[in-house]
Every structure is written in C-alpha cells, then in structure tokens.
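File shown: query_31.tsv. Contents: TSV, C-alpha atoms.
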```tsv
chain	number	residue	atom	x	y	z
A	1	MET	CA	-24.35	-2.45	21.12
A	2	SER	CA	-26.29	-4.07	18.31
A	3	HIS	CA	-27.00	-2.53	14.94
A	4	ARG	CA	-30.69	-2.16	15.80
A	5	GLN	CA	-29.97	-0.36	19.07
A	6	SER	CA	-27.57	2.09	17.47
A	7	THR	CA	-30.04	2.78	14.64
A	8	ALA	CA	-32.78	3.38	17.21
A	9	ILE	CA	-30.54	5.85	19.05
A	10	ILE	CA	-29.76	7.77	15.85
A	11	LEU	CA	-33.46	7.92	14.94
A	12	ALA	CA	-34.31	9.04	18.48
A	13	VAL	CA	-31.70	11.83	18.38
A	14	GLY	CA	-33.07	13.03	15.03
A	15	SER	CA	-36.64	12.87	16.29
A	16	VAL	CA	-35.85	14.84	19.46
A	17	ILE	CA	-34.04	17.54	17.47
A	18	ALA	CA	-36.97	17.76	15.03
A	19	ILE	CA	-39.57	17.98	17.79
A	20	VAL	CA	-37.60	20.67	19.65
A	21	ALA	CA	-37.11	22.62	16.40
A	22	LEU	CA	-40.82	22.47	15.59
A	23	LEU	CA	-41.96	23.41	19.10
A	24	SER	CA	-39.39	26.13	19.78
A	25	PRO	CA	-39.35	28.75	17.03
A	26	ASN	CA	-36.83	30.94	18.90
A	27	LEU	CA	-33.85	28.62	18.67
A	28	PRO	CA	-30.46	30.11	17.80
A	29	HIS	CA	-30.02	30.30	14.01
A	30	GLY	CA	-33.71	29.51	13.49
A	31	SER	CA	-35.58	26.26	13.44
A	32	GLU	CA	-34.60	25.73	9.80
A	33	THR	CA	-31.01	24.90	10.74
A	34	TRP	CA	-32.13	22.46	13.45
A	35	LEU	CA	-34.66	20.82	11.13
A	36	GLY	CA	-31.85	20.35	8.60
A	37	ILE	CA	-29.71	18.66	11.26
A	38	ALA	CA	-32.66	16.50	12.33
A	39	GLY	CA	-33.27	15.56	8.71
A	40	VAL	CA	-29.66	14.44	8.33
A	41	TYR	CA	-29.96	12.22	11.42
A	42	LEU	CA	-33.31	10.76	10.37
A	43	LEU	CA	-32.34	10.11	6.75
A	44	THR	CA	-29.03	8.57	7.77
A	45	GLY	CA	-30.71	6.36	10.36
A	46	ILE	CA	-33.38	5.22	7.92
A	47	LEU	CA	-31.18	4.76	4.87
A	48	LEU	CA	-28.29	3.07	6.68
A	49	GLY	CA	-30.30	1.21	9.29
A	50	TYR	CA	-33.18	-0.25	7.37
A	51	PRO	CA	-31.57	-1.97	4.37
A	52	ARG	CA	-29.10	-4.34	5.94
A	53	PHE	CA	-28.45	-5.89	2.54
A	54	VAL	CA	-25.29	-3.77	2.17
A	55	GLN	CA	-23.12	-6.28	4.06
A	56	GLU	CA	-21.36	-7.57	0.94
A	57	THR	CA	-18.00	-5.84	1.39
A	58	ASP	CA	-16.64	-3.01	3.45
A	59	ASN	CA	-16.00	-0.97	0.32
A	60	THR	CA	-19.64	-1.26	-0.75
A	61	LEU	CA	-20.78	-0.19	2.70
A	62	PHE	CA	-18.49	2.85	2.53
A	63	ARG	CA	-19.79	3.81	-0.90
A	64	TYR	CA	-23.38	3.35	0.19
A	65	ALA	CA	-22.77	5.45	3.33
A	66	SER	CA	-21.21	8.18	1.19
A	67	LEU	CA	-24.26	8.14	-1.07
A	68	VAL	CA	-26.51	8.38	2.00
A	69	ALA	CA	-24.47	11.37	3.20
A	70	VAL	CA	-24.95	13.13	-0.14
A	71	ILE	CA	-28.68	12.38	-0.12
A	72	SER	CA	-29.11	13.56	3.46
A	73	THR	CA	-27.18	16.76	2.68
A	74	LEU	CA	-29.63	17.55	-0.10
A	75	PHE	CA	-32.41	17.91	2.49
A	76	PRO	CA	-31.01	21.00	4.28
A	77	VAL	CA	-29.79	22.45	0.97
A	78	SER	CA	-33.27	22.24	-0.54
A	79	MET	CA	-34.89	23.58	2.64
A	80	ARG	CA	-32.57	26.60	2.62
A	81	ALA	CA	-33.00	27.19	-1.12
A	82	TRP	CA	-36.79	27.16	-0.78
A	83	ALA	CA	-36.62	29.55	2.19
A	84	VAL	CA	-34.41	31.99	0.28
A	85	ARG	CA	-36.54	31.73	-2.86
A	86	ALA	CA	-39.70	32.33	-0.80
A	87	ALA	CA	-38.18	35.43	0.78
A	88	ARG	CA	-36.73	36.74	-2.47
A	89	PRO	CA	-38.62	35.27	-5.44
A	90	GLU	CA	-36.83	37.57	-7.88
A	91	LEU	CA	-33.61	35.57	-7.44
A	92	ALA	CA	-32.87	33.00	-10.10
A	93	LEU	CA	-31.80	29.55	-8.99
A	94	PRO	CA	-28.07	30.11	-9.84
A	95	GLU	CA	-28.16	33.31	-7.76
A	96	VAL	CA	-29.20	31.26	-4.72
A	97	SER	CA	-25.89	29.37	-4.81
A	98	PHE	CA	-24.58	31.56	-1.98
A	99	ILE	CA	-26.50	29.34	0.43
A	100	LEU	CA	-23.84	26.65	0.01
A	101	TRP	CA	-21.50	28.72	2.18
A	102	GLN	CA	-23.97	29.37	4.99
A	103	LEU	CA	-24.11	27.63	8.32
A	104	HIS	CA	-27.56	26.24	7.43
A	105	VAL	CA	-25.85	24.01	4.87
A	106	LEU	CA	-22.23	23.63	6.03
A	107	VAL	CA	-22.98	22.25	9.50
A	108	PRO	CA	-25.44	19.56	8.28
A	109	PHE	CA	-22.90	18.71	5.55
A	110	VAL	CA	-20.24	17.89	8.14
A	111	ILE	CA	-22.74	15.97	10.25
A	112	ALA	CA	-23.85	13.91	7.26
A	113	PHE	CA	-20.30	12.88	6.33
A	114	MET	CA	-19.38	11.80	9.85
A	115	ALA	CA	-21.07	8.40	9.31
A	116	PRO	CA	-18.94	7.55	6.24
A	117	LEU	CA	-15.89	8.72	8.18
A	118	GLY	CA	-16.77	6.23	10.90
A	119	ILE	CA	-17.36	3.46	8.37
A	120	ALA	CA	-14.10	4.07	6.48
A	121	LYS	CA	-11.82	1.06	6.97
A	122	ASN	CA	-8.53	2.14	5.43
A	123	ARG	CA	-6.47	5.32	5.33
A	124	ARG	CA	-7.47	6.15	1.76
A	125	GLU	CA	-11.18	6.16	2.60
A	126	GLN	CA	-10.57	8.14	5.80
A	127	PHE	CA	-8.47	10.72	3.96
A	128	LEU	CA	-10.99	11.02	1.14
A	129	THR	CA	-13.87	11.54	3.55
A	130	ALA	CA	-11.90	14.03	5.66
A	131	PHE	CA	-10.99	15.94	2.49
A	132	ILE	CA	-14.66	15.99	1.42
A	133	ILE	CA	-15.59	17.36	4.84
A	134	VAL	CA	-12.89	20.04	4.95
A	135	ALA	CA	-12.93	21.16	1.29
A	136	PRO	CA	-16.11	23.30	1.45
A	137	PHE	CA	-14.76	25.05	4.53
A	138	LEU	CA	-11.50	25.82	2.78
A	139	VAL	CA	-13.42	27.25	-0.18
A	140	ALA	CA	-15.76	29.21	2.11
A	141	THR	CA	-12.83	30.59	4.12
A	142	TYR	CA	-10.98	31.54	0.93
A	143	ARG	CA	-14.16	33.14	-0.40
A	144	GLY	CA	-14.54	35.05	2.88
A	145	LEU	CA	-10.95	36.22	2.69
A	146	LEU	CA	-11.42	37.46	-0.89
A	147	VAL	CA	-14.73	39.20	-0.35
A	148	ASP	CA	-14.02	40.44	3.21
A	149	PHE	CA	-17.58	41.10	4.28
A	150	GLY	CA	-16.37	43.91	6.52
A	151	PHE	CA	-15.48	41.68	9.45
A	152	GLY	CA	-11.82	41.08	8.66
A	153	HIS	CA	-9.82	38.07	7.66
A	154	THR	CA	-9.41	36.69	11.15
A	155	PHE	CA	-13.17	36.61	11.61
A	156	SER	CA	-13.64	34.59	8.42
A	157	VAL	CA	-11.04	32.02	9.44
A	158	LEU	CA	-12.44	31.72	12.97
A	159	TYR	CA	-16.06	31.62	11.83
A	160	TYR	CA	-15.63	28.77	9.37
A	161	GLY	CA	-13.24	26.95	11.67
A	162	LEU	CA	-15.80	27.05	14.47
A	163	LEU	CA	-18.56	25.91	12.10
A	164	LEU	CA	-16.41	22.92	11.16
A	165	LEU	CA	-15.76	22.14	14.81
A	166	PHE	CA	-19.44	22.45	15.73
A	167	GLY	CA	-20.44	20.20	12.84
A	168	ALA	CA	-17.89	17.59	13.85
A	169	LEU	CA	-19.06	17.63	17.47
A	170	ALA	CA	-22.73	17.52	16.47
A	171	GLY	CA	-21.94	14.64	14.11
A	172	LEU	CA	-20.11	12.59	16.73
A	173	PRO	CA	-23.12	10.27	17.28
A	174	LEU	CA	-23.18	9.54	13.54
A	175	TYR	CA	-19.45	8.87	13.58
A	176	LEU	CA	-19.94	6.37	16.40
A	177	TYR	CA	-22.89	4.91	14.52
A	178	GLY	CA	-20.65	4.41	11.49
A	179	ARG	CA	-18.04	2.71	13.69
A	180	SER	CA	-20.72	0.33	15.00
A	181	LEU	CA	-21.62	-0.73	11.48
```
Would you mind writing the structure in this file as structure tokens?
Amino acid sequence: MSHRQSTAIILAVGSVIAIVALLSPNLPHGSETWLGIAGVYLLTGILLGYPRFVQETDNTLFRYASLVAVISTLFPVSMRAWAVRAARPELALPEVSFILWQLHVLVPFVIAFMAPLGIAKNRREQFLTAFIIVAPFLVATYRGLLVDFGFGHTFSVLYYGLLLLFGALAGLPLYLYGRSL
C-alpha cells in the first residue's frame, strides 16, 4: 500500500468518526470523546501525510511523529478543558488538571502515540514510546489507588487497564500507518 493510500485511509477513518460524533449526540461517553479521537486521526493524517519532506533519516521521522502525537493530543485535552471550564467557570486552570486522568484524554493519548510506536525502528525508540504510552496509566492507577473513589482498588486497576487496551485497539490503524511509513 502506498503512502498516499494509507494517508487517505487514516483521514477517512478520522472523518467518519467525526461525522458520526457530530450526527449522533447519544454516543457512549459523549460526542466529545469521539471528536477527540477523530481529531487525533485527522491531525496525524494531515501532519504526517502531507509534508513528505521528513524522509531524511529514520530518527528524524520518529522525532517528527512524536511531535505530531504531542500536538494531536493537545486537541482532546483543550476540548475537555474548555468543556469543564464552561460547565464550572469558577475553577481555575490548575484546578482543571484532573482532566488529564479521564478517559476523554487518556484514550486519545494512547491512540496518538501508536503512530510513533509503529515508526520506531530500534528497541530504544520502541521502549521509549511504550513507556510514554503506559506512564500516564501507571500514574492514574496509582492515583486511583491512593484516592480510592469508593469503587475499590481492583476497579481502579481494571478501569485504567481497560482504557489502555481500548486505546491501543482504537489506535491500531495509526500503528499500521506508522509501519507503512
């Protein structure tokens, strides 16, 4: 499959998710989560697919893909922060930091970093990307174990583990896209 075809598929997947999220307001976890996922797909497809000038070295492509993942993660983070601030304007911006541990942010985060994981050429890059993907879930699970929101420790471990699994499965097309690059 050519680079253009795989980019077109990624953009099509992002577009379909965005259209479904906009037309179906009763989706599980709200349309905001699905728009965040669609934004990750669209930004990754545009930023990795359009500028083909990044062919210099594999290391540069990996760094660029990692930068694209960070940029595309900022989209769902900002969407969620604006939604929380609109619902509760009395909260200061540092008080909104709890959104980093919500599924609205964690799942798109995993999806975004699946492309750099696919692009990674050596074990060091693969390990670094896998650590970046897993680290927020370890912190969120630890935070859930400390705070114990009334659901128990097992629930916290299972909840964040399943979020990680769902993000990895939903990011599989981006992983394959990264492998094709």
Self-check item: Which of A:Leu163, A:Ala120, A:Ala81, A:Val96 sits closest to Thr141 (chain A) [using all atoms listed in the file]
Solution: A:Leu163
Quiz item: A:Leu181, A:Val147, A:Leu158, A:Ile111: which is nearest Leu48 (chain A), counting all atoms listed in the file?
Solution: A:Leu181
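The coordinates place CA of Gly144 (chain A) at 5.6 Å from CA of Ser156 (chain A).
As for CA of Ile46 (chain A) and CA of Ile133 (chain A), they are spaced 21.8 Å apart.
Closest approach to Leu138 (chain A) among A:Ser31, A:Ile119, A:Trp101, A:Ala112: A:Trp101, based on all atoms listed in the file.
Interatomic distance, CA of Phe75 (chain A) to CA of Thr129 (chain A): 19.6 Å.
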Quiz item: How would you write as a PyMOL selection string the residues that get within 12 Å of (-32.3, 26.9, 0.7) in the file's frame, counting all atoms listed in the file?
Solution: chain A and resi 32-33+36+73-88+91+93-106
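Residue nearest Leu67 (chain A), chosen from A:Trp34, A:Phe113, A:Tyr50, A:Phe137 and counting only C-alpha atoms: A:Phe113.
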Can you tell me, as a compact mmCIF listing (two decimals) with C-alpha atoms, in the frame of the given file, what residues are no more than 8 Å from Ala168 (chain A) when counting only C-alpha atoms, ignoring any on the same chain fewer than 2 positions away?
```txt
# COMPACT_ATOMS: atom_id res chain seq x y z
CA VAL A 110 -20.24 17.89 8.14
CA ILE A 111 -22.74 15.97 10.25
CA MET A 114 -19.38 11.80 9.85
CA LEU A 164 -16.41 22.92 11.16
CA LEU A 165 -15.76 22.14 14.81
CA PHE A 166 -19.44 22.45 15.73
CA ALA A 170 -22.73 17.52 16.47
CA GLY A 171 -21.94 14.64 14.11
CA LEU A 172 -20.11 12.59 16.73
```
